[in-house]
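Engineer: What follows is a structure written as structure tokens; I'll ask about it next.
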Amino acid sequence: GNIANSGFIVGKTSVVVIDPGGSIAAAAALRQAIRRVTSLPVSHLVLTHFHPDHVFGGAAFADVEHVVAHENFKRAVLQRGAFYTERFAKPIDGESGAGDFSDLVLPTIEIPVGEVLVVDAGERSLSIRAHETGHTDNDLSVFDAETGTLWASDLVFAQRTPSLDGSLRGWLEIMDELSMLPIERVIPGHGLPGRFDRVTAAQRDYLDELLVETRQRLAAGERLADAVIEAEGADPGDWLLFKQHHPANVTKAWTELEWD
């Protein structure tokens with residue numbers, strides 16, 4: 001389950017953790033990393049969205065008083081928690097699976113769509129925004145104005161193929177909104193951090209192309225089944241896990257855009 005970017009931000013009085021990771025073991029390693037840096041308490045745990053690789057380690061932070069999530073997070077847990085447990089708790093290559101959603105800590109602070117929660121870790125203000133439907137319907141981003149760092153989580157994928165679980169059009173709109181921030185560095189949900197325009201360029205191209213091609217196929221009266229077959233044989237280019245995610249993205253985009 002240790003495949004997503006997790007981390008923490010240290011203020012003068014406390015620590016804010018962003019995503020505990022996909023398993024108790026990953027989250028325990030994150031706690032150890034925090035203690036190597038600071039003895040300050042963890043005041044907030046931010047759950048950026050309900051995907052198991054980001055949040056299934058939550059029990060390792062059960063002692064944290066303030067758990068922050070999107071207002072749709074709990075609904076996503078009810079809808080998908082059992083499915084994710086069944087799918088990701090199975091052993092893979094002899095290793096234990098990601099975890100169990102029963103180990104989750106649930107939010108004590110829920111941010112309504114479109115609103116921003118400002119968290120102060122002690123002379124370190126973090127702006128946590130609850131977005132409209134994009135990658136999922138429960139995405140948060142965290143912006144640290146002091147360093148110009150945007151923790152975008154899975155609103156940005158680098159190297160690994162974007163996974164569409166919400167709205168294609170909404171995701172593109174969110175990327176436009178984020179680009180207006182004074183960002184010095186973006187931390188994606190997967191892949192390496194860097195300058196916002198450089199890190200997001202490939203994802204922008206991918207999502208734009210998916211939007212244009214889907215609309216063209218719909219206008220031509222093509223069938224979804226044929227589009228998926230073609231997607232299964234498409235050239236992945238530099239994307240990792242392309243064959244696992246691209247056909248599903250085509251399907252998701254098709255079902256969204258066919259009603260335009």
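Ordering of the structure tokens sets the chain letters (A, B, ...), residue numbers begin anew at 1 in every chain, and ligands are numbered from 1 in the order given.
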Report as a tab-separated table: every residue of range 42-123 of chain A with an atom at most 9 Å from range 128-135 of chain A, its closest pair of atoms, and their distance in Å to one decimal, counting only C-alpha atoms, with rows sorted by chain and ascending residue number.

Structural biologist:
```
residue	atom	partner	partner_atom	distance
A:Val46	CA	A:Ile128	CA	8.7
A:Thr48	CA	A:Ala130	CA	9.0
A:Val68	CA	A:Ile128	CA	8.8
A:Ala69	CA	A:Ala130	CA	8.1
A:His70	CA	A:Ala130	CA	5.6
A:Glu71	CA	A:Ala130	CA	7.9
A:Glu110	CA	A:Ala130	CA	8.9
A:Ile111	CA	A:Ala130	CA	5.9
A:Pro112	CA	A:Ala130	CA	6.3
A:Val113	CA	A:Ala130	CA	5.0
A:Gly114	CA	A:Ala130	CA	5.5
A:Glu115	CA	A:Ala130	CA	5.9
A:Val116	CA	A:Arg129	CA	4.4
A:Leu117	CA	A:Ile128	CA	5.1
A:Val118	CA	A:Ile128	CA	6.2
A:Val119	CA	A:Ile128	CA	7.6
```

Engineer: Pick out the residues sitting within 7 Å of Ala59 in chain A, and hand them over as a list in words; count only C-alpha atoms, and ignore anything fewer than 6 positions along from it in its own chain.

Structural biologist: Ile24, Asp103, Leu104 and Val105 of chain A

Engineer: Write the residues you've just listed into a file as a PDB file, in the first residue's frame, and include all heavy atoms for each of them.

Structural biologist:
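What landed in again.pdb:
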```
ATOM      1  N   ILE A  24      -1.021   0.366   7.736  1.00  0.00           N
ATOM      2  CA  ILE A  24      -0.558   0.722   9.074  1.00  0.00           C
ATOM      3  C   ILE A  24       0.970   0.784   9.094  1.00  0.00           C
ATOM      4  O   ILE A  24       1.569   1.655   9.732  1.00  0.00           O
ATOM      5  CB  ILE A  24      -1.066  -0.286  10.119  1.00  0.00           C
ATOM      6  CG1 ILE A  24      -2.604  -0.288  10.147  1.00  0.00           C
ATOM      7  CG2 ILE A  24      -0.511   0.042  11.493  1.00  0.00           C
ATOM      8  CD1 ILE A  24      -3.211   1.041  10.527  1.00  0.00           C
ATOM      9  N   ASP A 103      -9.862   0.341   9.886  1.00  0.00           N
ATOM     10  CA  ASP A 103      -8.778   1.001  10.599  1.00  0.00           C
ATOM     11  C   ASP A 103      -8.763   2.505  10.368  1.00  0.00           C
ATOM     12  O   ASP A 103      -7.922   3.211  10.934  1.00  0.00           O
ATOM     13  CB  ASP A 103      -7.421   0.433  10.157  1.00  0.00           C
ATOM     14  CG  ASP A 103      -7.217  -0.999  10.642  1.00  0.00           C
ATOM     15  OD1 ASP A 103      -7.768  -1.340  11.694  1.00  0.00           O
ATOM     16  OD2 ASP A 103      -6.513  -1.755   9.954  1.00  0.00           O
ATOM     17  N   LEU A 104      -9.640   2.998   9.537  1.00  0.00           N
ATOM     18  CA  LEU A 104      -9.663   4.424   9.218  1.00  0.00           C
ATOM     19  C   LEU A 104     -10.009   5.270  10.437  1.00  0.00           C
ATOM     20  O   LEU A 104     -10.791   4.850  11.297  1.00  0.00           O
ATOM     21  CB  LEU A 104     -10.710   4.714   8.146  1.00  0.00           C
ATOM     22  CG  LEU A 104     -10.336   4.522   6.688  1.00  0.00           C
ATOM     23  CD1 LEU A 104     -11.557   4.786   5.826  1.00  0.00           C
ATOM     24  CD2 LEU A 104      -9.203   5.446   6.293  1.00  0.00           C
ATOM     25  N   VAL A 105      -9.420   6.457  10.481  1.00  0.00           N
ATOM     26  CA  VAL A 105      -9.960   7.485  11.366  1.00  0.00           C
ATOM     27  C   VAL A 105     -10.876   8.342  10.501  1.00  0.00           C
ATOM     28  O   VAL A 105     -10.571   8.633   9.351  1.00  0.00           O
ATOM     29  CB  VAL A 105      -8.835   8.337  11.971  1.00  0.00           C
ATOM     30  CG1 VAL A 105      -8.059   7.528  12.975  1.00  0.00           C
ATOM     31  CG2 VAL A 105      -7.906   8.891  10.900  1.00  0.00           C
TER      32      VAL A 105
END
```

Engineer: May I ask for the distance between CA of Leu192 in chain A and CA of Ser153 in chain A, given in Å to one decimal place?

Structural biologist: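 Taking CA of Leu192 in chain A as the start and CA of Ser153 in chain A as the end point, the length is 11.5 Å.
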
Engineer: Would you kindly return, as JSON, numbers by chain, each protein, DNA or RNA residue with an atom no farther than 8 Å from any atom of Gln159 in chain A, considering only C-alpha atoms and excluding same-chain residues fewer than 5 positions away?

Structural biologist: {"A": [190, 191, 192, 238, 239, 240]}

Engineer: Find, counting only C-alpha atoms, the residue in A:Ser179, A:Thr149, A:Ser6, A:Thr200 that gets nearest to Gly57 in chain A.

Structural biologist: A:Ser6

Engineer: Tell me, in Å to one decimal, how far CA of Ala220 in chain A is from CA of Gly170 in chain A.

Structural biologist: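 Distance reported for this atom pair: 23.8 Å.
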
Engineer: To one decimal place in Å, what is the distance between CA of Thr161 in chain A and CA of Ala60 in chain A?

Structural biologist: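 Rounded to one decimal, the two atoms are 28.8 Å apart.
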
Engineer: May I have the residues within 8 Å of Ala231 in chain A as a list in words, using only C-alpha atoms and disregarding those fewer than 6 positions away in the same chain?

Structural biologist: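 Skipping anything fewer than 6 positions along the chain leaves His246, Pro247 and Val250 of chain A.
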
Engineer: Calculated over only C-alpha atoms, which of the candidates A:Met180, A:Thr108, A:Asn138, A:Leu155 has the smallest distance to His66 in chain A?

Structural biologist: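 Once distances to His66 in chain A are computed over only C-alpha atoms, the minimum belongs to A:Thr108.
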
Engineer: Rank nothing, just name the residue among A:Ala4, A:Ala145, A:Leu168, A:Val186 nearest to Asn249 in chain A, using only C-alpha atoms.

Structural biologist: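 Looking only at the distances to Asn249 in chain A, the closest residue turns out to be A:Leu168.
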
Engineer: Mind listing the alpha helix (DSSP H) residues of range 19-241 of chain A, per DSSP on the backbone, as a ChimeraX atom specification?

Structural biologist: /A:24-37,52-55,73-88,168-179,196-219,224-232

Engineer: Among range 59-217 of chain A, which ones does DSSP place in strand (DSSP E or B), written as number ranges by chain?

Structural biologist: A: 66-70, 92, 95, 109-111, 116-120, 125-130, 140-144, 149-157, 160, 185-190, 194

Engineer: So, with only C-alpha atoms as the atoms that count, which of A:Asp208, A:His49, A:Leu224, A:Asn2 lies closest to Trp254 in chain A?

Structural biologist: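 Checking each candidate against Trp254 in chain A, we get A:Leu224 as the closest.
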
Engineer: Would you please work out which residue, of A:Thr38, A:Phe61, A:His51, A:Ala227, is nearest to Val17 in chain A when using only C-alpha atoms?

Structural biologist: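 Looking at the shortest contact to Val17 in chain A, the residue is A:Phe61.
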
Engineer: Quick one: residues within 9 Å of Gly21 in chain A, only C-alpha atoms counted, chain neighbours fewer than 3 positions away excluded, as a ChimeraX atom specification?

Structural biologist: /A:1-7,18,24-27,30,52-58

Engineer: Write the residues of the selection above to a file with all heavy atoms, as a short mmCIF file (atom, residue, chain, number, x, y, z; two decimals), in the first residue's frame.

Structural biologist:
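Now in again.cif:
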```cif
data_model
loop_
_atom_site.label_atom_id
_atom_site.label_comp_id
_atom_site.auth_asym_id
_atom_site.auth_seq_id
_atom_site.Cartn_x
_atom_site.Cartn_y
_atom_site.Cartn_z
N GLY A 1 0.79 -1.22 0.00
CA GLY A 1 0.00 0.00 0.00
C GLY A 1 0.83 1.27 0.00
O GLY A 1 0.28 2.36 -0.03
N ASN A 2 2.15 1.14 0.02
CA ASN A 2 2.99 2.33 0.14
C ASN A 2 3.36 2.85 -1.24
O ASN A 2 4.52 2.76 -1.67
CB ASN A 2 4.25 1.99 0.96
CG ASN A 2 5.02 3.22 1.36
OD1 ASN A 2 4.51 4.33 1.30
ND2 ASN A 2 6.26 3.02 1.78
N ILE A 3 2.38 3.42 -1.95
CA ILE A 3 2.62 3.84 -3.33
C ILE A 3 2.27 5.30 -3.56
O ILE A 3 2.54 5.82 -4.65
CB ILE A 3 1.81 2.98 -4.32
CG1 ILE A 3 0.30 3.11 -4.04
CG2 ILE A 3 2.24 1.53 -4.26
CD1 ILE A 3 -0.57 2.44 -5.08
N ALA A 4 1.70 5.98 -2.56
CA ALA A 4 1.29 7.37 -2.72
C ALA A 4 2.22 8.27 -1.91
O ALA A 4 2.89 7.84 -0.97
CB ALA A 4 -0.15 7.56 -2.27
N ASN A 5 2.27 9.54 -2.28
CA ASN A 5 3.06 10.50 -1.53
C ASN A 5 2.34 10.91 -0.24
O ASN A 5 1.23 11.43 -0.28
CB ASN A 5 3.34 11.74 -2.38
CG ASN A 5 4.34 11.46 -3.48
OD1 ASN A 5 5.19 10.58 -3.35
ND2 ASN A 5 4.25 12.19 -4.58
N SER A 6 2.98 10.66 0.88
CA SER A 6 2.52 11.11 2.18
C SER A 6 3.58 12.03 2.77
O SER A 6 4.74 11.97 2.38
CB SER A 6 2.30 9.93 3.14
OG SER A 6 1.30 9.06 2.65
N GLY A 7 3.19 12.88 3.72
CA GLY A 7 4.20 13.76 4.29
C GLY A 7 3.66 14.59 5.43
O GLY A 7 2.56 14.36 5.93
N ILE A 18 -0.20 15.01 6.09
CA ILE A 18 -1.04 14.93 4.89
C ILE A 18 -1.00 13.50 4.36
O ILE A 18 0.02 13.04 3.85
CB ILE A 18 -0.57 15.92 3.81
CG1 ILE A 18 -0.54 17.33 4.38
CG2 ILE A 18 -1.49 15.85 2.59
CD1 ILE A 18 0.05 18.36 3.44
N ILE A 24 -1.02 0.37 7.74
CA ILE A 24 -0.56 0.72 9.07
C ILE A 24 0.97 0.78 9.09
O ILE A 24 1.57 1.65 9.73
CB ILE A 24 -1.07 -0.29 10.12
CG1 ILE A 24 -2.60 -0.29 10.15
CG2 ILE A 24 -0.51 0.04 11.49
CD1 ILE A 24 -3.21 1.04 10.53
N ALA A 25 1.62 -0.13 8.39
CA ALA A 25 3.09 -0.14 8.36
C ALA A 25 3.62 1.14 7.73
O ALA A 25 4.59 1.73 8.23
CB ALA A 25 3.58 -1.36 7.59
N ALA A 26 3.02 1.58 6.63
CA ALA A 26 3.47 2.82 5.98
C ALA A 26 3.25 4.01 6.89
O ALA A 26 4.10 4.91 6.99
CB ALA A 26 2.73 3.00 4.65
N ALA A 27 2.10 4.04 7.58
CA ALA A 27 1.81 5.16 8.47
C ALA A 27 2.73 5.16 9.68
O ALA A 27 3.15 6.22 10.16
CB ALA A 27 0.35 5.09 8.92
N LEU A 30 5.87 6.67 8.69
CA LEU A 30 5.72 8.12 8.59
C LEU A 30 5.84 8.75 9.98
O LEU A 30 6.50 9.79 10.14
CB LEU A 30 4.37 8.45 7.96
CG LEU A 30 4.01 9.93 7.80
CD1 LEU A 30 5.06 10.67 6.97
CD2 LEU A 30 2.63 10.08 7.18
N PRO A 52 -7.62 4.08 -1.08
CA PRO A 52 -6.94 3.32 -0.03
C PRO A 52 -5.45 3.58 0.08
O PRO A 52 -4.89 3.53 1.18
CB PRO A 52 -7.22 1.85 -0.42
CG PRO A 52 -7.68 1.89 -1.84
CD PRO A 52 -8.34 3.20 -2.02
N ASP A 53 -4.77 3.85 -1.03
CA ASP A 53 -3.33 4.07 -0.96
C ASP A 53 -2.96 5.35 -0.22
O ASP A 53 -1.81 5.53 0.20
CB ASP A 53 -2.72 4.09 -2.37
CG ASP A 53 -3.42 5.05 -3.31
OD1 ASP A 53 -4.65 5.17 -3.25
OD2 ASP A 53 -2.72 5.67 -4.15
N HIS A 54 -3.92 6.23 -0.01
CA HIS A 54 -3.68 7.48 0.70
C HIS A 54 -4.13 7.44 2.16
O HIS A 54 -3.55 8.16 2.98
CB HIS A 54 -4.40 8.63 -0.01
CG HIS A 54 -3.80 8.99 -1.32
ND1 HIS A 54 -2.92 10.03 -1.48
CD2 HIS A 54 -3.93 8.41 -2.55
CE1 HIS A 54 -2.54 10.10 -2.75
NE2 HIS A 54 -3.14 9.13 -3.41
N VAL A 55 -5.13 6.62 2.51
CA VAL A 55 -5.74 6.78 3.84
C VAL A 55 -5.88 5.49 4.66
O VAL A 55 -6.28 5.57 5.82
CB VAL A 55 -7.14 7.43 3.71
CG1 VAL A 55 -7.03 8.79 3.06
CG2 VAL A 55 -8.12 6.55 2.94
N PHE A 56 -5.55 4.33 4.12
CA PHE A 56 -5.79 3.10 4.87
C PHE A 56 -4.87 2.94 6.08
O PHE A 56 -5.07 2.04 6.89
CB PHE A 56 -5.67 1.88 3.95
CG PHE A 56 -6.99 1.41 3.40
CD1 PHE A 56 -8.04 2.29 3.23
CD2 PHE A 56 -7.18 0.08 3.06
CE1 PHE A 56 -9.26 1.86 2.72
CE2 PHE A 56 -8.40 -0.37 2.56
CZ PHE A 56 -9.44 0.53 2.40
N GLY A 57 -3.87 3.79 6.22
CA GLY A 57 -3.02 3.74 7.40
C GLY A 57 -3.51 4.60 8.54
O GLY A 57 -2.78 4.83 9.52
N GLY A 58 -4.73 5.09 8.45
CA GLY A 58 -5.23 6.09 9.38
C GLY A 58 -5.16 5.72 10.84
O GLY A 58 -4.98 6.58 11.71
#
```

Engineer: Might you pull out every residue within 10 Å of Leu211 in chain A, with only C-alpha atoms counted and same-chain residues fewer than 5 positions away left off, and present them as a PyMOL selection string?

Structural biologist: chain A and resi 168-169+172+205-206+216+250+253-254+257

Engineer: So that I have them on file, write out the residues from the current selection with C-alpha atoms, as a tab-separated table (two decimals), in the first residue's frame.

Structural biologist:
```tsv
chain	number	residue	atom	x	y	z
A	168	LEU	CA	-12.99	14.94	-16.59
A	169	ARG	CA	-14.27	18.46	-17.18
A	172	LEU	CA	-9.47	20.28	-15.95
A	205	ASP	CA	-2.07	17.02	-22.30
A	206	TYR	CA	-3.48	13.62	-21.38
A	216	GLN	CA	-15.11	13.37	-31.47
A	250	VAL	CA	-11.99	6.23	-21.50
A	253	ALA	CA	-15.05	10.08	-19.74
A	254	TRP	CA	-17.52	8.52	-22.19
A	257	LEU	CA	-19.68	13.34	-21.94
```

Engineer: Write out as a list in words which residues come within 12 Å of Glu184 in chain A when counting only C-alpha atoms, dropping same-chain ones fewer than 5 positions away.

Structural biologist: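 The residues satisfying every condition are Phe143, Asp144, Ala145, Glu146, Thr147, Gly148, Thr149, Leu150, Trp151, Ser179, Pro193, Gly194, Arg195, Phe196, Asp197, Arg198 and Val199 of chain A.
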